$ cat coords.cif   # mmCIF, C-alpha atoms
data_entry
loop_
_atom_site.label_atom_id
_atom_site.label_comp_id
_atom_site.auth_asym_id
_atom_site.auth_seq_id
_atom_site.Cartn_x
_atom_site.Cartn_y
_atom_site.Cartn_z
CA MET A 1 39.63 -10.65 13.76
CA THR A 2 39.82 -14.36 14.32
CA LEU A 3 37.05 -16.83 15.08
CA LEU A 4 38.19 -16.75 18.71
CA ASP A 5 37.63 -12.98 18.79
CA TYR A 6 34.04 -13.40 17.57
CA PHE A 7 33.45 -16.15 20.12
CA ALA A 8 34.80 -13.97 22.95
CA LEU A 9 32.62 -11.06 21.82
CA CYS A 10 29.52 -13.29 21.74
CA LEU A 11 30.36 -14.58 25.22
CA PHE A 12 30.67 -11.00 26.43
CA GLY A 13 27.22 -10.14 25.09
CA LEU A 14 25.72 -13.30 26.58
CA LEU A 15 27.20 -12.55 30.00
CA TRP A 16 25.89 -8.99 29.87
CA PHE A 17 22.40 -10.26 29.00
CA ALA A 18 22.55 -12.83 31.80
CA PHE A 19 23.78 -10.18 34.25
CA ALA A 20 20.84 -7.91 33.38
CA TRP A 21 18.37 -10.80 33.70
CA ILE A 22 19.70 -12.02 37.03
CA THR A 23 19.74 -8.57 38.63
CA GLY A 24 16.22 -7.89 37.39
CA GLN A 25 14.71 -10.87 39.21
CA GLY A 26 13.30 -10.63 42.73
CA ARG A 27 14.52 -14.02 43.93
CA ILE A 28 17.21 -16.21 42.40
CA PHE A 29 18.20 -19.58 43.88
CA ALA A 30 15.83 -18.97 46.84
CA ARG A 31 17.73 -15.80 47.74
CA THR A 32 16.41 -12.25 47.71
CA SER A 33 18.51 -10.07 45.43
CA LEU A 34 20.04 -6.88 46.76
CA THR A 35 18.16 -4.92 44.07
CA GLN A 36 14.79 -6.23 45.26
CA ALA A 37 15.72 -5.65 48.89
CA MET A 38 16.54 -2.01 48.17
CA ALA A 39 13.29 -1.59 46.21
CA GLU A 40 11.40 -2.65 49.36
CA ARG A 41 13.44 -0.19 51.41
CA ARG A 42 12.52 2.57 48.96
CA ARG A 43 8.84 1.77 49.54
CA LEU A 44 9.31 1.90 53.30
CA TRP A 45 11.16 5.19 53.08
CA ILE A 46 8.47 6.94 51.02
CA MET A 47 5.63 5.58 53.14
CA ASN A 48 7.39 6.58 56.37
CA SER A 49 7.77 10.13 55.06
CA LEU A 50 3.98 10.54 55.24
CA GLY A 51 4.22 10.60 59.02
CA ARG A 52 6.38 13.73 59.18
CA ASP A 53 5.87 17.24 57.86
CA LEU A 54 9.53 18.22 58.09
CA LYS A 55 11.11 16.39 55.18
CA MET A 56 14.64 17.82 55.15
CA ILE A 57 16.11 14.34 55.59
CA ASP A 58 14.10 13.07 52.62
CA THR A 59 15.21 15.92 50.38
CA GLN A 60 18.83 15.22 51.34
CA ILE A 61 18.39 11.58 50.33
CA LEU A 62 16.89 12.59 46.98
CA SER A 63 19.70 15.08 46.44
CA GLY A 64 22.26 12.36 47.16
CA LEU A 65 20.64 10.04 44.61
CA GLN A 66 20.74 12.77 41.97
CA ASN A 67 24.33 13.75 42.72
CA GLY A 68 25.50 10.14 42.53
CA THR A 69 23.78 9.70 39.18
CA ALA A 70 25.27 12.94 37.86
CA PHE A 71 28.75 11.81 38.95
CA PHE A 72 28.55 8.58 36.95
CA ALA A 73 27.08 10.41 33.95
CA SER A 74 30.06 12.80 34.00
CA THR A 75 32.42 9.84 34.35
CA SER A 76 30.89 8.22 31.26
CA ILE A 77 31.41 11.43 29.27
CA LEU A 78 35.07 11.53 30.32
CA ALA A 79 35.46 7.88 29.31
CA ILE A 80 33.97 8.64 25.87
CA GLY A 81 36.43 11.50 25.47
CA GLY A 82 39.27 9.16 26.43
CA CYS A 83 38.16 6.67 23.76
CA PHE A 84 38.22 9.35 21.05
CA ALA A 85 41.65 10.47 22.24
CA LEU A 86 42.76 6.84 22.01
CA LEU A 87 41.69 6.72 18.37
CA GLY A 88 44.07 9.59 17.65
CA GLN A 89 46.99 7.61 19.09
CA THR A 90 46.36 4.32 17.30
CA GLU A 91 49.87 3.93 15.90
CA GLN A 92 51.57 4.59 19.22
CA VAL A 93 49.27 2.27 21.16
CA ASP A 94 49.65 -0.49 18.57
CA THR A 95 53.44 -0.20 18.86
CA VAL A 96 53.28 -0.48 22.65
CA LEU A 97 50.96 -3.51 22.50
CA LYS A 98 53.27 -5.35 20.11
CA ASP A 99 56.13 -5.02 22.60
CA LEU A 100 54.12 -6.46 25.50
CA PRO A 101 54.21 -10.20 26.29
CA PHE A 102 51.06 -12.31 26.08
CA VAL A 103 49.41 -9.76 23.78
CA MET A 104 47.84 -10.71 20.45
CA PRO A 105 47.58 -7.45 18.44
CA GLY A 106 45.20 -7.62 15.49
CA GLY A 107 46.31 -4.55 13.57
CA ARG A 108 45.02 -1.01 13.23
CA THR A 109 41.55 -1.83 11.91
CA THR A 110 40.83 -4.34 14.66
CA PHE A 111 42.11 -1.96 17.32
CA GLU A 112 39.88 0.87 16.06
CA LEU A 113 36.89 -1.48 16.00
CA LYS A 114 37.51 -2.44 19.60
CA VAL A 115 37.71 1.22 20.59
CA PHE A 116 34.46 2.02 18.74
CA VAL A 117 32.64 -0.76 20.60
CA LEU A 118 34.07 0.47 23.92
CA THR A 119 32.87 3.99 23.05
CA ALA A 120 29.38 2.60 22.37
CA ILE A 121 29.37 0.91 25.78
CA PHE A 122 30.24 4.16 27.53
CA GLY A 123 27.68 6.00 25.40
CA TYR A 124 25.00 3.53 26.50
CA SER A 125 25.95 4.02 30.15
CA PHE A 126 25.80 7.82 29.75
CA PHE A 127 22.27 7.74 28.33
CA LYS A 128 21.15 5.40 31.11
CA PHE A 129 22.62 7.65 33.79
CA GLY A 130 21.21 10.75 32.07
CA TRP A 131 17.71 9.26 31.95
CA SER A 132 18.02 8.10 35.55
CA TYR A 133 18.96 11.63 36.61
CA ARG A 134 15.89 12.99 34.85
CA LEU A 135 13.61 10.43 36.52
CA PHE A 136 15.07 11.23 39.94
CA ASN A 137 14.27 14.87 39.15
CA TYR A 138 10.67 13.87 38.44
CA CYS A 139 10.72 11.91 41.69
CA THR A 140 11.57 15.05 43.67
CA ILE A 141 8.57 16.81 42.12
CA LEU A 142 6.28 13.90 42.97
CA PHE A 143 7.72 13.80 46.47
CA GLY A 144 6.92 17.49 46.91
CA ALA A 145 3.27 16.70 46.09
CA LEU A 146 2.94 14.18 48.94
CA PRO A 147 0.23 15.09 51.48
CA MET A 148 1.13 16.43 54.88
CA ALA A 149 0.90 14.23 57.97
CA ASP A 150 -2.48 15.66 59.03
CA GLU A 151 -3.96 15.07 55.58
CA ALA A 152 -2.66 11.50 55.53
CA ARG A 153 -4.29 10.80 58.90
CA ARG A 154 -7.64 12.32 57.87
CA ASP A 155 -7.91 10.39 54.61
CA PRO A 156 -5.49 7.41 54.54
CA GLU A 157 -7.02 5.94 51.37
CA ALA A 158 -6.54 9.12 49.33
CA ALA A 159 -3.09 9.69 50.85
CA ALA A 160 -1.88 6.27 49.67
CA ARG A 161 -2.10 7.13 45.95
CA PRO A 162 0.53 9.95 45.65
CA PRO A 163 3.30 7.98 47.40
CA GLY A 164 2.58 5.02 45.11
CA LEU A 165 3.53 7.15 42.09
CA THR A 166 6.64 8.42 43.85
CA ILE A 167 7.70 4.89 44.78
CA ARG A 168 7.31 3.61 41.22
CA MET A 169 9.21 6.58 39.78
CA ASN A 170 12.03 6.08 42.27
CA ILE A 171 12.31 2.37 41.50
CA ILE A 172 12.28 2.97 37.73
CA ALA A 173 15.01 5.61 38.09
CA ALA A 174 17.05 3.16 40.14
CA SER A 175 16.64 0.45 37.48
CA HIS A 176 18.10 2.76 34.82
CA PHE A 177 20.91 3.70 37.18
CA ASN A 178 21.66 0.00 37.69
CA ALA A 179 21.70 -0.52 33.91
CA GLY A 180 24.33 2.21 33.59
CA LEU A 181 26.39 0.61 36.35
CA ARG A 182 26.19 -2.77 34.61
CA ALA A 183 27.63 -1.18 31.48
CA LEU A 184 30.54 0.29 33.45
CA PHE A 185 31.16 -3.04 35.21
CA MET A 186 31.17 -4.98 31.96
CA SER A 187 33.45 -2.42 30.32
CA ILE A 188 36.15 -3.48 32.79
CA GLY A 189 35.94 -7.01 31.44
CA TYR A 190 35.90 -5.68 27.88
CA LEU A 191 39.33 -4.08 28.34
CA GLY A 192 40.88 -7.54 28.29
CA TRP A 193 40.10 -7.76 24.57
CA PHE A 194 42.86 -5.22 23.84
CA ALA A 195 45.36 -7.83 25.03
CA SER A 196 43.90 -11.09 23.70
CA PRO A 197 40.57 -12.89 23.29
CA TYR A 198 41.63 -15.33 26.01
CA LEU A 199 42.09 -12.52 28.51
CA PHE A 200 38.85 -10.96 27.22
CA MET A 201 36.89 -14.09 28.13
CA ALA A 202 38.66 -14.44 31.48
CA THR A 203 38.03 -10.84 32.56
CA SER A 204 34.41 -10.91 31.35
CA VAL A 205 33.64 -14.08 33.32
CA THR A 206 35.41 -12.69 36.40
CA VAL A 207 33.45 -9.43 36.34
CA PHE A 208 30.21 -11.35 35.80
CA ILE A 209 30.80 -13.72 38.72
CA VAL A 210 31.92 -11.01 41.15
CA SER A 211 29.08 -8.63 40.23
CA CYS A 212 26.37 -11.30 40.45
CA ALA A 213 27.72 -12.55 43.77
CA VAL A 214 27.34 -9.06 45.25
CA ILE A 215 23.87 -8.48 43.78
CA LEU A 216 22.51 -11.83 44.98
CA LEU A 217 23.56 -11.40 48.59
CA GLU A 218 20.45 -11.71 50.71
CA ALA A 219 19.86 -8.76 53.01
CA PRO A 220 19.16 -9.79 56.64
CA GLY A 221 15.48 -9.61 57.47
CA THR A 222 14.46 -8.82 53.90
CA ASP A 223 11.59 -11.31 53.91
CA GLN A 224 10.04 -9.49 56.89
CA ILE A 225 9.87 -6.14 55.05
CA PRO A 226 6.21 -5.24 54.36
CA SER A 227 5.30 -4.21 50.83
CA PRO A 228 2.93 -1.21 50.95
CA SER A 229 0.32 -1.12 48.23
CA PRO A 230 1.04 1.67 45.71
#
$ encode --input "coords.cif" --output "structure tokens"
Amino acid sequence: MTLLDYFALCLFGLLWFAFAWITGQGRIFARTSLTQAMAERRRLWIMNSLGRDLKMIDTQILSGLQNGTAFFASTSILAIGGCFALLGQTEQVDTVLKDLPFVMPGGRTTFELKVFVLTAIFGYSFFKFGWSYRLFNYCTILFGALPMADEARRDPEAAARPPGLTIRMNIIAASHFNAGLRALFMSIGYLGWFASPYLFMATSVTVFIVSCAVILLEAPGTDQIPSPSP
């Protein structure tokens, strides 16, 4: 590995850290982030569910959140398996890379190191998705403990505590899901390292800019969304 490789790897880590920090903030550059806007919508959804006894729609939403998380967890496992299969074909892949233009192969050891790091990235995303799935499972249990509409009307103060726990659990599960997605997004930029450190830096910066631009889009009317007290 050259000094340029180390620099590109450090830039990749810095961009990942900046991506996580930006998406974790409520307002950046006087704009409400999409993550914060959806957190407010989650609060509204849970609080609105107190007004209806028939909660089939709510259970379908929770099921959709779990299924989406399980899909990405399965995808991460497949990606890890692909990385291990790639390690078994090191010689063939190295031969192909040497024949491609604009590629700077670094040898077998460097290639295996790159694959190990990529495997670690997918492993991190799998654990984040797995933990998010478990938290969404806890959220369904907490949601089932919400008071019925009549109980909420008789004692609004007591009825406000259970949904607060459900809201916090749902938001925490979503934060872990977002962390897993960030890992998958950044892994796309990481693939450029297999060609050259220059392409590695270019793809990492591109993924960072595109992802942050989407996250920081301000949802219409977000500032008018009330924030129920947990």
$ resolve_selection --input "coords.cif" --expression "the PyMOL selection byres ((chain A and resi 109-112) around 9)" --output "compact mmCIF listing (two decimals) with C-alpha atoms, keeping the file's coordinate frame"
# COMPACT_ATOMS: atom_id res chain seq x y z
CA MET A 1 39.63 -10.65 13.76
CA LEU A 86 42.76 6.84 22.01
CA LEU A 87 41.69 6.72 18.37
CA THR A 90 46.36 4.32 17.30
CA ASP A 94 49.65 -0.49 18.57
CA PRO A 105 47.58 -7.45 18.44
CA GLY A 106 45.20 -7.62 15.49
CA GLY A 107 46.31 -4.55 13.57
CA ARG A 108 45.02 -1.01 13.23
CA LEU A 113 36.89 -1.48 16.00
CA LYS A 114 37.51 -2.44 19.60
CA VAL A 115 37.71 1.22 20.59
CA PHE A 116 34.46 2.02 18.74
CA VAL A 117 32.64 -0.76 20.60
CA PHE A 194 42.86 -5.22 23.84
$ closest_residue --input "coords.cif" --among "A:Phe12, A:Phe7, A:Phe17, A:Tyr124" --to "A:Thr203" --atoms "only C-alpha atoms"
A:Phe12
$ residues_around --input "coords.cif" --residues "A:Leu181" --least-positions-apart "2" --cutoff "9 Å" --atoms "all atoms listed in the file" --output "short mmCIF file (atom, residue, chain, number, x, y, z; two decimals) with C-alpha atoms, in the frame of the given file"
data_model
loop_
_atom_site.label_atom_id
_atom_site.label_comp_id
_atom_site.auth_asym_id
_atom_site.auth_seq_id
_atom_site.Cartn_x
_atom_site.Cartn_y
_atom_site.Cartn_z
CA PHE A 72 28.55 8.58 36.95
CA SER A 125 25.95 4.02 30.15
CA LYS A 128 21.15 5.40 31.11
CA PHE A 129 22.62 7.65 33.79
CA HIS A 176 18.10 2.76 34.82
CA PHE A 177 20.91 3.70 37.18
CA ASN A 178 21.66 0.00 37.69
CA ALA A 179 21.70 -0.52 33.91
CA ALA A 183 27.63 -1.18 31.48
CA LEU A 184 30.54 0.29 33.45
CA PHE A 185 31.16 -3.04 35.21
CA MET A 186 31.17 -4.98 31.96
#
$ closest_residue --input "coords.cif" --among "A:Ala37, A:Leu78, A:Glu91, A:Cys10" --to "A:Thr23" --atoms "only C-alpha atoms"
A:Ala37
$ resolve_selection --input "coords.cif" --expression "the PyMOL selection byres ((chain A and resi 45) around 12)" --output "PyMOL selection string"
chain A and resi 38-44+46-52+55+57-59+61-62+143+163-164+166-167+170-171+225-228
$ atom_distance --input "coords.cif" --atom1 "atom CA of A:Ser63" --atom2 "atom CA of A:Pro162"
19.9 Å
$ atom_distance --input "coords.cif" --atom1 "atom CA of A:Ile80" --atom2 "atom CA of A:Leu4"
26.7 Å
$ atom_distance --input "coords.cif" --atom1 "atom CA of A:Ala8" --atom2 "atom CA of A:Tyr198"
7.6 Å
$ resolve_selection --input "coords.cif" --expression "the PyMOL selection byres ((chain A and resi 9) around 10)" --output "ChimeraX atom specification"
/A:3-8,10-15,190,193,197,200-201,204
$ closest_residue --input "coords.cif" --among "A:Leu65, A:Trp16, A:Thr206, A:Ile121" --to "A:Ala79" --atoms "all atoms listed in the file"
A:Ile121
$ residues_around --input "coords.cif" --residues "A:Ala70" --least-positions-apart "2" --cutoff "10 Å" --atoms "only C-alpha atoms" --output "list in words"
Gly64, Leu65, Gln66, Asn67, Gly68, Phe72, Ala73, Ser74, Thr75, Ser76, Phe126, Phe129, Gly130, Ser132, Tyr133 and Arg134 of chain A
$ closest_residue --input "coords.cif" --among "A:Arg154, A:Ala145, A:Ile77, A:Thr140" --to "A:Gln60" --atoms "all atoms listed in the file"
A:Thr140
$ build_atoms --input "coords.cif" --residues "stretch 111-135 of chain A" --atoms "N, CA and C atoms" --output "PDB file, in the coordinates of the input"
ATOM      1  N   PHE A 111      41.986  -2.804  16.136  1.00  0.00           N
ATOM      2  CA  PHE A 111      42.110  -1.960  17.320  1.00  0.00           C
ATOM      3  C   PHE A 111      41.054  -0.853  17.304  1.00  0.00           C
ATOM      4  N   GLU A 112      40.872  -0.204  16.161  1.00  0.00           N
ATOM      5  CA  GLU A 112      39.880   0.870  16.060  1.00  0.00           C
ATOM      6  C   GLU A 112      38.470   0.327  16.275  1.00  0.00           C
ATOM      7  N   LEU A 113      38.202  -0.875  15.778  1.00  0.00           N
ATOM      8  CA  LEU A 113      36.890  -1.480  16.000  1.00  0.00           C
ATOM      9  C   LEU A 113      36.642  -1.721  17.483  1.00  0.00           C
ATOM     10  N   LYS A 114      37.649  -2.198  18.167  1.00  0.00           N
ATOM     11  CA  LYS A 114      37.510  -2.440  19.600  1.00  0.00           C
ATOM     12  C   LYS A 114      37.236  -1.133  20.347  1.00  0.00           C
ATOM     13  N   VAL A 115      37.914  -0.067  19.940  1.00  0.00           N
ATOM     14  CA  VAL A 115      37.710   1.220  20.590  1.00  0.00           C
ATOM     15  C   VAL A 115      36.306   1.758  20.307  1.00  0.00           C
ATOM     16  N   PHE A 116      35.812   1.572  19.082  1.00  0.00           N
ATOM     17  CA  PHE A 116      34.460   2.020  18.740  1.00  0.00           C
ATOM     18  C   PHE A 116      33.412   1.301  19.593  1.00  0.00           C
ATOM     19  N   VAL A 117      33.585   0.000  19.774  1.00  0.00           N
ATOM     20  CA  VAL A 117      32.640  -0.760  20.600  1.00  0.00           C
ATOM     21  C   VAL A 117      32.713  -0.285  22.052  1.00  0.00           C
ATOM     22  N   LEU A 118      33.919  -0.034  22.547  1.00  0.00           N
ATOM     23  CA  LEU A 118      34.070   0.470  23.920  1.00  0.00           C
ATOM     24  C   LEU A 118      33.398   1.835  24.054  1.00  0.00           C
ATOM     25  N   THR A 119      33.532   2.681  23.029  1.00  0.00           N
ATOM     26  CA  THR A 119      32.870   3.990  23.050  1.00  0.00           C
ATOM     27  C   THR A 119      31.356   3.827  23.101  1.00  0.00           C
ATOM     28  N   ALA A 120      30.829   2.851  22.355  1.00  0.00           N
ATOM     29  CA  ALA A 120      29.380   2.600  22.370  1.00  0.00           C
ATOM     30  C   ALA A 120      28.916   2.152  23.748  1.00  0.00           C
ATOM     31  N   ILE A 121      29.726   1.356  24.429  1.00  0.00           N
ATOM     32  CA  ILE A 121      29.370   0.910  25.780  1.00  0.00           C
ATOM     33  C   ILE A 121      29.275   2.092  26.730  1.00  0.00           C
ATOM     34  N   PHE A 122      30.265   2.974  26.669  1.00  0.00           N
ATOM     35  CA  PHE A 122      30.240   4.160  27.530  1.00  0.00           C
ATOM     36  C   PHE A 122      29.105   5.102  27.133  1.00  0.00           C
ATOM     37  N   GLY A 123      28.802   5.182  25.836  1.00  0.00           N
ATOM     38  CA  GLY A 123      27.680   6.000  25.400  1.00  0.00           C
ATOM     39  C   GLY A 123      26.356   5.469  25.946  1.00  0.00           C
ATOM     40  N   TYR A 124      26.201   4.154  25.933  1.00  0.00           N
ATOM     41  CA  TYR A 124      25.000   3.530  26.500  1.00  0.00           C
ATOM     42  C   TYR A 124      24.885   3.851  27.983  1.00  0.00           C
ATOM     43  N   SER A 125      25.986   3.738  28.709  1.00  0.00           N
ATOM     44  CA  SER A 125      25.950   4.020  30.150  1.00  0.00           C
ATOM     45  C   SER A 125      25.599   5.490  30.401  1.00  0.00           C
ATOM     46  N   PHE A 126      26.113   6.398  29.554  1.00  0.00           N
ATOM     47  CA  PHE A 126      25.800   7.820  29.750  1.00  0.00           C
ATOM     48  C   PHE A 126      24.310   8.079  29.579  1.00  0.00           C
ATOM     49  N   PHE A 127      23.697   7.510  28.545  1.00  0.00           N
ATOM     50  CA  PHE A 127      22.270   7.740  28.330  1.00  0.00           C
ATOM     51  C   PHE A 127      21.446   7.138  29.462  1.00  0.00           C
ATOM     52  N   LYS A 128      21.869   5.992  29.993  1.00  0.00           N
ATOM     53  CA  LYS A 128      21.150   5.400  31.110  1.00  0.00           C
ATOM     54  C   LYS A 128      21.258   6.278  32.358  1.00  0.00           C
ATOM     55  N   PHE A 129      22.453   6.776  32.640  1.00  0.00           N
ATOM     56  CA  PHE A 129      22.620   7.650  33.790  1.00  0.00           C
ATOM     57  C   PHE A 129      21.875   8.973  33.591  1.00  0.00           C
ATOM     58  N   GLY A 130      21.912   9.500  32.367  1.00  0.00           N
ATOM     59  CA  GLY A 130      21.210  10.750  32.070  1.00  0.00           C
ATOM     60  C   GLY A 130      19.704  10.605  32.266  1.00  0.00           C
ATOM     61  N   TRP A 131      19.132   9.484  31.790  1.00  0.00           N
ATOM     62  CA  TRP A 131      17.710   9.260  31.950  1.00  0.00           C
ATOM     63  C   TRP A 131      17.362   9.008  33.414  1.00  0.00           C
ATOM     64  N   SER A 132      18.239   8.316  34.130  1.00  0.00           N
ATOM     65  CA  SER A 132      18.020   8.100  35.550  1.00  0.00           C
ATOM     66  C   SER A 132      18.008   9.422  36.312  1.00  0.00           C
ATOM     67  N   TYR A 133      18.916  10.313  35.970  1.00  0.00           N
ATOM     68  CA  TYR A 133      18.960  11.630  36.610  1.00  0.00           C
ATOM     69  C   TYR A 133      17.658  12.386  36.383  1.00  0.00           C
ATOM     70  N   ARG A 134      17.146  12.304  35.171  1.00  0.00           N
ATOM     71  CA  ARG A 134      15.890  12.990  34.850  1.00  0.00           C
ATOM     72  C   ARG A 134      14.722  12.391  35.647  1.00  0.00           C
ATOM     73  N   LEU A 135      14.692  11.078  35.769  1.00  0.00           N
ATOM     74  CA  LEU A 135      13.610  10.430  36.520  1.00  0.00           C
ATOM     75  C   LEU A 135      13.708  10.750  38.012  1.00  0.00           C
TER      76      LEU A 135
END
